[in-house]
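J.: Got work.cif for you, mmCIF, C-alpha atoms:
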data_work
loop_
_atom_site.group_PDB
_atom_site.id
_atom_site.type_symbol
_atom_site.label_atom_id
_atom_site.label_comp_id
_atom_site.auth_asym_id
_atom_site.auth_seq_id
_atom_site.Cartn_x
_atom_site.Cartn_y
_atom_site.Cartn_z
ATOM 1 C CA MET A 101 -14.140 -47.641 15.006
ATOM 2 C CA SER A 102 -16.288 -47.065 11.902
ATOM 3 C CA GLY A 103 -15.589 -48.682 8.536
ATOM 4 C CA GLY A 104 -12.047 -49.554 9.593
ATOM 5 C CA TYR A 105 -11.148 -45.998 10.570
ATOM 6 C CA TYR A 106 -10.631 -44.621 14.041
ATOM 7 C CA VAL A 107 -13.145 -41.947 15.000
ATOM 8 C CA PRO A 108 -11.694 -39.817 17.809
ATOM 9 C CA ALA A 109 -13.885 -38.836 20.713
ATOM 10 C CA THR A 110 -15.144 -35.282 20.945
ATOM 11 C CA SER A 111 -12.536 -33.080 22.612
ATOM 12 C CA ARG A 112 -12.664 -29.522 23.904
ATOM 13 C CA TRP A 113 -8.879 -29.159 24.011
ATOM 14 C CA PRO A 114 -8.265 -28.040 20.376
ATOM 15 C CA ILE A 115 -10.560 -25.017 20.636
ATOM 16 C CA LEU A 116 -9.361 -24.152 24.145
ATOM 17 C CA GLY A 117 -5.755 -24.508 23.024
ATOM 18 C CA SER A 118 -6.403 -22.196 20.061
ATOM 19 C CA LEU A 119 -7.985 -19.562 22.304
ATOM 20 C CA ALA A 120 -5.138 -19.780 24.811
ATOM 21 C CA LEU A 121 -2.495 -19.509 22.097
ATOM 22 C CA GLY A 122 -4.343 -16.586 20.526
ATOM 23 C CA ALA A 123 -4.456 -14.791 23.877
ATOM 24 C CA MET A 124 -0.742 -15.333 24.389
ATOM 25 C CA MET A 125 0.098 -13.970 20.929
ATOM 26 C CA VAL A 126 -2.179 -10.930 21.361
ATOM 27 C CA GLY A 127 -0.485 -10.190 24.673
ATOM 28 C CA THR A 128 2.927 -10.589 23.045
ATOM 29 C CA GLY A 129 1.963 -8.192 20.251
ATOM 30 C CA ILE A 130 0.693 -5.589 22.713
ATOM 31 C CA LYS A 131 3.918 -5.890 24.714
ATOM 32 C CA LEU A 132 6.101 -5.432 21.636
ATOM 33 C CA VAL A 133 4.167 -2.354 20.453
ATOM 34 C CA TYR A 134 3.010 -0.676 23.662
ATOM 35 C CA ASP A 135 5.044 -2.469 26.360
ATOM 36 C CA THR A 136 1.890 -3.017 28.426
ATOM 37 C CA GLY A 137 0.725 -6.517 27.490
ATOM 38 C CA THR A 138 2.877 -8.573 29.855
ATOM 39 C CA PRO A 139 0.025 -9.738 32.173
ATOM 40 C CA PHE A 140 -2.142 -10.756 29.211
ATOM 41 C CA MET A 141 0.793 -12.583 27.626
ATOM 42 C CA LEU A 142 1.590 -14.454 30.862
ATOM 43 C CA ILE A 143 -2.041 -15.422 31.381
ATOM 44 C CA GLY A 144 -2.200 -16.748 27.822
ATOM 45 C CA MET A 145 1.040 -18.659 28.334
ATOM 46 C CA ALA A 146 -0.271 -20.206 31.569
ATOM 47 C CA CYS A 147 -3.454 -21.230 29.754
ATOM 48 C CA VAL A 148 -1.439 -22.827 26.932
ATOM 49 C CA ILE A 149 0.622 -24.842 29.413
ATOM 50 C CA THR A 150 -2.518 -25.893 31.306
ATOM 51 C CA VAL A 151 -4.324 -27.026 28.155
ATOM 52 C CA MET A 152 -1.258 -28.948 26.970
ATOM 53 C CA GLY A 153 -0.945 -30.720 30.312
ATOM 54 C CA LEU A 154 -4.615 -31.713 30.416
ATOM 55 C CA TRP A 155 -4.602 -32.736 26.755
ATOM 56 C CA PHE A 156 -1.527 -34.932 27.214
ATOM 57 C CA ARG A 157 -3.175 -36.409 30.316
ATOM 58 C CA ASP A 158 -6.118 -37.526 28.204
ATOM 59 C CA VAL A 159 -3.844 -38.964 25.512
ATOM 60 C CA ILE A 160 -1.932 -40.959 28.136
ATOM 61 C CA HIS A 161 -5.182 -42.232 29.633
ATOM 62 C CA GLU A 162 -6.440 -43.323 26.198
ATOM 63 C CA SER A 163 -3.153 -45.103 25.483
ATOM 64 C CA MET A 164 -3.117 -46.880 28.861
ATOM 65 C CA SER A 165 -6.736 -47.936 28.291
ATOM 66 C CA GLY A 166 -5.812 -49.710 25.052
ATOM 67 C CA LEU A 167 -7.894 -47.439 22.813
ATOM 68 C CA TYR A 168 -5.254 -47.053 20.097
ATOM 69 C CA ASP A 169 -4.734 -49.523 17.269
ATOM 70 C CA ALA A 170 -2.059 -49.864 14.577
ATOM 71 C CA GLN A 171 -3.620 -47.124 12.489
ATOM 72 C CA MET A 172 -3.465 -44.646 15.339
ATOM 73 C CA ASP A 173 0.144 -45.618 15.955
ATOM 74 C CA ARG A 174 0.955 -44.836 12.316
ATOM 75 C CA SER A 175 -0.890 -41.542 12.645
ATOM 76 C CA PHE A 176 1.190 -40.558 15.666
ATOM 77 C CA ARG A 177 4.406 -41.497 13.845
ATOM 78 C CA TRP A 178 3.528 -39.501 10.752
ATOM 79 C CA GLY A 179 2.498 -36.556 12.897
ATOM 80 C CA MET A 180 5.762 -36.579 14.820
ATOM 81 C CA GLY A 181 7.731 -37.003 11.612
ATOM 82 C CA TRP A 182 6.101 -33.972 9.998
ATOM 83 C CA PHE A 183 6.579 -31.971 13.188
ATOM 84 C CA ILE A 184 10.317 -32.667 13.168
ATOM 85 C CA PHE A 185 10.423 -31.801 9.453
ATOM 86 C CA SER A 186 8.839 -28.431 10.276
ATOM 87 C CA GLU A 187 11.528 -27.947 12.923
ATOM 88 C CA VAL A 188 14.214 -28.732 10.329
ATOM 89 C CA MET A 189 12.778 -26.006 8.082
ATOM 90 C CA PHE A 190 12.591 -23.631 11.054
ATOM 91 C CA PHE A 191 16.293 -23.918 11.807
ATOM 92 C CA ALA A 192 17.197 -24.075 8.105
ATOM 93 C CA ALA A 193 15.805 -20.546 7.717
ATOM 94 C CA PHE A 194 18.107 -19.165 10.424
ATOM 95 C CA PHE A 195 21.125 -21.131 9.224
ATOM 96 C CA GLY A 196 20.352 -19.825 5.734
ATOM 97 C CA ALA A 197 20.372 -16.239 7.010
ATOM 98 C CA LEU A 198 23.742 -16.849 8.673
ATOM 99 C CA PHE A 199 25.245 -18.372 5.526
ATOM 100 C CA TYR A 200 23.871 -15.569 3.337
ATOM 101 C CA VAL A 201 25.399 -12.864 5.507
ATOM 102 C CA ARG A 202 28.774 -14.574 5.756
ATOM 103 C CA THR A 203 29.032 -15.850 2.168
ATOM 104 C CA PHE A 204 27.447 -13.033 0.170
ATOM 105 C CA ALA A 205 26.555 -9.854 2.089
ATOM 106 C CA ILE A 206 29.890 -9.241 3.850
ATOM 107 C CA PRO A 207 32.072 -9.901 0.762
ATOM 108 C CA TRP A 208 29.836 -7.611 -1.288
ATOM 109 C CA LEU A 209 30.174 -4.854 1.311
ATOM 110 C CA GLY A 210 33.918 -5.416 1.226
ATOM 111 C CA GLY A 211 34.026 -4.673 -2.495
ATOM 112 C CA GLU A 212 33.942 -8.163 -3.968
ATOM 113 C CA GLY A 213 32.421 -7.873 -7.426
ATOM 114 C CA ALA A 214 31.473 -4.236 -6.825
ATOM 115 C CA LYS A 215 34.455 -2.618 -8.631
ATOM 116 C CA GLY A 216 35.324 -0.409 -5.712
ATOM 117 C CA VAL A 217 31.822 0.970 -5.128
ATOM 118 C CA SER A 218 31.973 -0.008 -1.456
ATOM 119 C CA ALA A 219 34.924 2.323 -0.985
ATOM 120 C CA LEU A 220 32.508 5.194 -1.488
ATOM 121 C CA LEU A 221 30.368 3.868 1.353
ATOM 122 C CA TRP A 222 32.868 2.714 3.993
ATOM 123 C CA PRO A 223 36.476 3.303 2.981
ATOM 124 C CA GLU A 224 37.747 1.549 6.126
ATOM 125 C CA PHE A 225 35.359 -1.418 6.020
ATOM 126 C CA VAL A 226 37.021 -4.799 6.654
ATOM 127 C CA ALA A 227 35.121 -7.795 5.271
ATOM 128 C CA GLN A 228 35.548 -10.206 8.168
ATOM 129 C CA TRP A 229 33.359 -12.320 10.424
ATOM 130 C CA PRO A 230 32.323 -11.290 12.921
ATOM 131 C CA LEU A 231 32.043 -7.574 12.238
ATOM 132 C CA PHE A 232 33.716 -6.247 15.362
ATOM 133 C CA ASN A 233 33.462 -2.537 14.576
ATOM 134 C CA PRO A 234 31.734 -1.599 11.300
ATOM 135 C CA PRO A 235 32.765 1.927 10.272
ATOM 136 C CA ASP A 236 30.198 4.695 10.671
ATOM 137 C CA SER A 237 27.819 2.238 12.299
ATOM 138 C CA ALA A 238 25.469 3.116 15.130
ATOM 139 C CA VAL A 239 25.363 -0.598 15.977
ATOM 140 C CA PRO A 240 28.768 -1.723 17.256
ATOM 141 C CA GLY A 241 29.827 -5.335 16.960
ATOM 142 C CA PRO A 242 31.012 -7.583 19.784
ATOM 143 C CA GLU A 243 34.256 -6.874 21.607
ATOM 144 C CA ARG A 244 35.420 -10.487 21.173
ATOM 145 C CA VAL A 245 33.945 -13.925 20.581
ATOM 146 C CA PHE A 246 33.907 -17.206 22.461
ATOM 147 C CA SER A 247 36.601 -19.793 22.046
ATOM 148 C CA PRO A 248 34.824 -22.910 20.714
ATOM 149 C CA TRP A 249 37.108 -25.126 22.798
ATOM 150 C CA GLN A 250 35.807 -24.021 26.188
ATOM 151 C CA LEU A 251 32.104 -23.870 27.176
ATOM 152 C CA PRO A 252 30.794 -24.609 23.646
ATOM 153 C CA LEU A 253 32.901 -27.788 23.475
ATOM 154 C CA VAL A 254 31.738 -28.846 26.945
ATOM 155 C CA ASN A 255 28.110 -28.412 25.910
ATOM 156 C CA THR A 256 28.753 -30.341 22.695
ATOM 157 C CA LEU A 257 30.192 -33.271 24.637
ATOM 158 C CA ILE A 258 27.244 -33.117 27.042
ATOM 159 C CA LEU A 259 24.634 -33.310 24.274
ATOM 160 C CA VAL A 260 26.451 -36.017 22.319
ATOM 161 C CA THR A 261 26.745 -38.039 25.523
ATOM 162 C CA SER A 262 23.054 -37.472 26.256
ATOM 163 C CA SER A 263 22.130 -39.001 22.902
ATOM 164 C CA ILE A 264 24.142 -42.088 23.834
ATOM 165 C CA THR A 265 22.557 -42.415 27.281
ATOM 166 C CA LEU A 266 19.073 -41.953 25.790
ATOM 167 C CA THR A 267 19.736 -44.649 23.188
ATOM 168 C CA VAL A 268 20.831 -47.026 25.949
ATOM 169 C CA ALA A 269 17.634 -46.232 27.873
ATOM 170 C CA HIS A 270 15.497 -46.858 24.780
ATOM 171 C CA GLU A 271 17.158 -50.183 24.027
ATOM 172 C CA ALA A 272 16.731 -51.220 27.672
ATOM 173 C CA LEU A 273 13.015 -50.440 27.486
ATOM 174 C CA LYS A 274 12.637 -52.573 24.361
ATOM 175 C CA LEU A 275 14.312 -55.441 26.229
ATOM 176 C CA GLY A 276 12.049 -54.978 29.239
ATOM 177 C CA GLU A 277 14.861 -53.844 31.543
ATOM 178 C CA ARG A 278 12.899 -51.043 33.149
ATOM 179 C CA LYS A 279 15.354 -50.267 35.957
ATOM 180 C CA THR A 280 18.202 -49.856 33.474
ATOM 181 C CA CYS A 281 15.969 -47.688 31.306
ATOM 182 C CA ARG A 282 15.028 -45.515 34.282
ATOM 183 C CA ASN A 283 18.631 -45.007 35.386
ATOM 184 C CA TRP A 284 19.977 -44.100 31.952
ATOM 185 C CA LEU A 285 17.007 -41.846 31.238
ATOM 186 C CA ALA A 286 17.598 -40.049 34.549
ATOM 187 C CA GLY A 287 21.191 -39.512 33.443
ATOM 188 C CA THR A 288 19.952 -38.021 30.169
ATOM 189 C CA VAL A 289 17.685 -35.585 32.016
ATOM 190 C CA LEU A 290 20.591 -34.586 34.241
ATOM 191 C CA LEU A 291 22.800 -33.938 31.206
ATOM 192 C CA GLY A 292 20.055 -31.795 29.677
ATOM 193 C CA CYS A 293 19.883 -29.721 32.864
ATOM 194 C CA CYS A 294 23.685 -29.321 32.811
ATOM 195 C CA PHE A 295 23.531 -28.036 29.235
ATOM 196 C CA ILE A 296 20.891 -25.454 30.167
ATOM 197 C CA VAL A 297 22.920 -24.210 33.156
ATOM 198 C CA ILE A 298 26.130 -23.935 31.123
ATOM 199 C CA GLN A 299 24.374 -22.047 28.352
ATOM 200 C CA GLY A 300 23.023 -19.668 30.982
ATOM 201 C CA VAL A 301 26.593 -19.080 32.171
ATOM 202 C CA GLU A 302 27.670 -18.521 28.570
ATOM 203 C CA TYR A 303 24.944 -15.922 28.037
ATOM 204 C CA TYR A 304 25.975 -14.110 31.227
ATOM 205 C CA GLU A 305 29.577 -14.023 30.013
ATOM 206 C CA ALA A 306 28.451 -12.875 26.554
ATOM 207 C CA TYR A 307 26.544 -9.887 27.931
ATOM 208 C CA HIS A 308 28.918 -8.813 30.689
ATOM 209 C CA HIS A 309 32.409 -9.637 29.386
ATOM 210 C CA TYR A 310 32.297 -10.156 25.617
ATOM 211 C CA GLY A 311 29.991 -7.396 24.400
ATOM 212 C CA ILE A 312 27.834 -9.989 22.630
ATOM 213 C CA THR A 313 24.289 -8.701 23.019
ATOM 214 C CA LEU A 314 21.186 -8.506 20.865
ATOM 215 C CA GLU A 315 22.404 -5.022 19.913
ATOM 216 C CA ALA A 316 25.829 -6.261 18.782
ATOM 217 C CA GLY A 317 25.113 -6.033 15.078
ATOM 218 C CA ILE A 318 24.382 -8.969 12.810
ATOM 219 C CA PHE A 319 26.645 -11.283 14.820
ATOM 220 C CA GLY A 320 24.724 -10.713 18.036
ATOM 221 C CA ALA A 321 21.386 -11.170 16.266
ATOM 222 C CA THR A 322 22.313 -14.443 14.550
ATOM 223 C CA PHE A 323 24.124 -15.765 17.631
ATOM 224 C CA PHE A 324 21.194 -15.313 19.989
ATOM 225 C CA ILE A 325 18.512 -16.335 17.494
ATOM 226 C CA LEU A 326 20.254 -19.624 16.691
ATOM 227 C CA THR A 327 21.540 -20.547 20.138
ATOM 228 C CA GLY A 328 18.506 -19.087 21.922
ATOM 229 C CA PHE A 329 15.915 -21.006 19.943
ATOM 230 C CA HIS A 330 18.015 -24.131 20.309
ATOM 231 C CA GLY A 331 18.210 -23.550 24.055
ATOM 232 C CA VAL A 332 14.409 -23.327 24.217
ATOM 233 C CA HIS A 333 14.235 -26.659 22.393
ATOM 234 C CA VAL A 334 16.633 -28.200 24.911
ATOM 235 C CA ILE A 335 14.477 -26.940 27.792
ATOM 236 C CA VAL A 336 11.344 -28.377 26.177
ATOM 237 C CA GLY A 337 13.140 -31.644 25.412
ATOM 238 C CA THR A 338 14.386 -31.940 28.988
ATOM 239 C CA ILE A 339 10.858 -31.407 30.304
ATOM 240 C CA ILE A 340 9.546 -34.078 27.915
ATOM 241 C CA LEU A 341 12.218 -36.566 28.999
ATOM 242 C CA ALA A 342 11.481 -35.800 32.655
ATOM 243 C CA CYS A 343 7.815 -36.633 31.969
ATOM 244 C CA MET A 344 8.923 -39.878 30.307
ATOM 245 C CA LEU A 345 10.993 -40.650 33.405
ATOM 246 C CA VAL A 346 7.940 -40.197 35.632
ATOM 247 C CA ARG A 347 5.913 -42.461 33.358
ATOM 248 C CA ILE A 348 8.612 -45.133 33.411
ATOM 249 C CA TRP A 349 8.652 -44.869 37.204
ATOM 250 C CA LYS A 350 4.879 -45.400 37.271
ATOM 251 C CA GLY A 351 5.131 -48.506 35.114
ATOM 252 C CA HIS A 352 3.863 -47.035 31.855
ATOM 253 C CA PHE A 353 4.968 -48.296 28.432
ATOM 254 C CA ALA A 354 5.416 -51.865 27.220
ATOM 255 C CA ASN A 355 8.362 -53.404 25.399
ATOM 256 C CA ASP A 356 6.560 -53.140 22.051
ATOM 257 C CA HIS A 357 4.182 -50.253 22.772
ATOM 258 C CA HIS A 358 5.936 -47.042 23.814
ATOM 259 C CA PHE A 359 5.708 -44.506 21.026
ATOM 260 C CA GLY A 360 5.482 -41.634 23.513
ATOM 261 C CA PHE A 361 8.972 -42.544 24.696
ATOM 262 C CA GLU A 362 10.199 -43.145 21.155
ATOM 263 C CA ALA A 363 8.888 -39.781 19.949
ATOM 264 C CA SER A 364 10.751 -38.023 22.759
ATOM 265 C CA CYS A 365 13.916 -39.806 21.578
ATOM 266 C CA TRP A 366 13.379 -38.586 18.016
ATOM 267 C CA TYR A 367 12.997 -35.026 19.267
ATOM 268 C CA TRP A 368 16.070 -35.163 21.498
ATOM 269 C CA HIS A 369 18.314 -36.614 18.780
ATOM 270 C CA PHE A 370 17.126 -33.876 16.409
ATOM 271 C CA VAL A 371 17.995 -31.207 18.979
ATOM 272 C CA ASP A 372 21.446 -32.768 19.377
ATOM 273 C CA VAL A 373 22.100 -32.745 15.625
ATOM 274 C CA VAL A 374 21.118 -29.072 15.436
ATOM 275 C CA TRP A 375 23.615 -28.255 18.188
ATOM 276 C CA VAL A 376 26.431 -29.988 16.304
ATOM 277 C CA GLY A 377 25.625 -27.709 13.357
ATOM 278 C CA LEU A 378 25.634 -24.691 15.670
ATOM 279 C CA PHE A 379 28.965 -25.680 17.178
ATOM 280 C CA ILE A 380 30.560 -26.005 13.735
ATOM 281 C CA PHE A 381 29.102 -22.962 11.973
ATOM 282 C CA VAL A 382 28.559 -20.496 14.832
ATOM 283 C CA TYR A 383 31.490 -21.209 17.151
ATOM 284 C CA VAL A 384 34.252 -22.919 15.113
ATOM 285 C CA PHE A 385 34.041 -21.363 11.638
#
Please rewrite the model in this file as structure tokens.

T.:
Amino acid sequence: MSGGYYVPATSRWPILGSLALGAMMVGTGIKLVYDTGTPFMLIGMACVITVMGLWFRDVIHESMSGLYDAQMDRSFRWGMGWFIFSEVMFFAAFFGALFYVRTFAIPWLGGEGAKGVSALLWPEFVAQWPLFNPPDSAVPGPERVFSPWQLPLVNTLILVTSSITLTVAHEALKLGERKTCRNWLAGTVLLGCCFIVIQGVEYYEAYHHYGITLEAGIFGATFFILTGFHGVHVIVGTIILACMLVRIWKGHFANDHHFGFEASCWYWHFVDVVWVGLFIFVYVF
């Protein structure tokens, strides 16, 4: 401490993390352009994961050693809050693209407000969502779409239930009931794994039986961008909660000092809210 402000110890992880991330992105760029950068990309990805693991290890050690004060706790909370805000903006961009296509682009192509100009372009164009078979298009649409009341509804119920089980676990931790916390948190991790498996099944069905692929026009692109990025967030969230479960098992966290656990709850609830939006605007309407 110096003058009332926390002075963090010197750390090599920020620069190593930057180098690892840069290597991963260079490898990704080479793969996209020349299709030869896969090894470099995988090495960079492995380095990123390694640096993150070692960095988090140090943060946990510092926390368990009592090195953080109230100011550091506020710093962590603000940092996590701004991170989630950035995630909100991330998904808002993709939801915005979906709304723009459905609300403006398709009606315009169908002749709305164009005084018949679209008839000169595609006389047989039908302004509907999704675009199953745009006329004169080299990019065909999907053959059919998912019923929202089957796998999507099951996954919705799973994620909503997981938010409830995680809340129970959090409240149990605040009351010092560690066994109850551990059991309900384990249930949350299990529900997260179930969601991931079911979404994998859904993607298999989409590609092999529904004609919904990344090449299936604007519907395929928006479907996989929105649900795919969300699925990655669920995988990350499940890994985070599994780490919290291990820490609970090892006796980490106190009733009034467990922001690592609390931050994971914030993240998971955010991911759940995003899925509810996906269920409504991608599957139902």

J.: Write out as a ChimeraX atom specification each polymer residue whose atoms come within 12 Å of A:Ala354, counting all atoms listed in the file; drop sequence neighbours fewer than 5 positions from it.

T.: /A:163-164,166,270,272-278,347-348,359-362

J.: Counting all atoms listed in the file, which residue out of A:Asn283, A:Thr338, A:Ser111, A:Thr265 sits closest to A:Ile296?

T.: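 Selected residue with least distance to A:Ile296: A:Thr338.
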
J.: Once the PyMOL selection byres ((chain A and resi 121-123) around 8) has been applied to the shown file, what residues remain in the selection, as a PyMOL selection string?

T.: chain A and resi 117-120+124-127+140-141+143-145+147-148

J.: Quick one: residues within 9 Å of A:Val245, all atoms listed in the file counted, chain neighbours fewer than 6 positions away excluded, as a list of chain:residue names?

T.: A:Pro230, A:Ala306, A:Tyr310, A:Gly311, A:Ile312, A:Tyr383

J.: Taking the file as shown, find all residues satisfying the PyMOL selection byres ((chain A and resi 344) around 12) and write them as a PyMOL selection string.

T.: chain A and resi 156+160+266+269-270+273+281-282+284-286+288-289+337-343+345-353+358-365
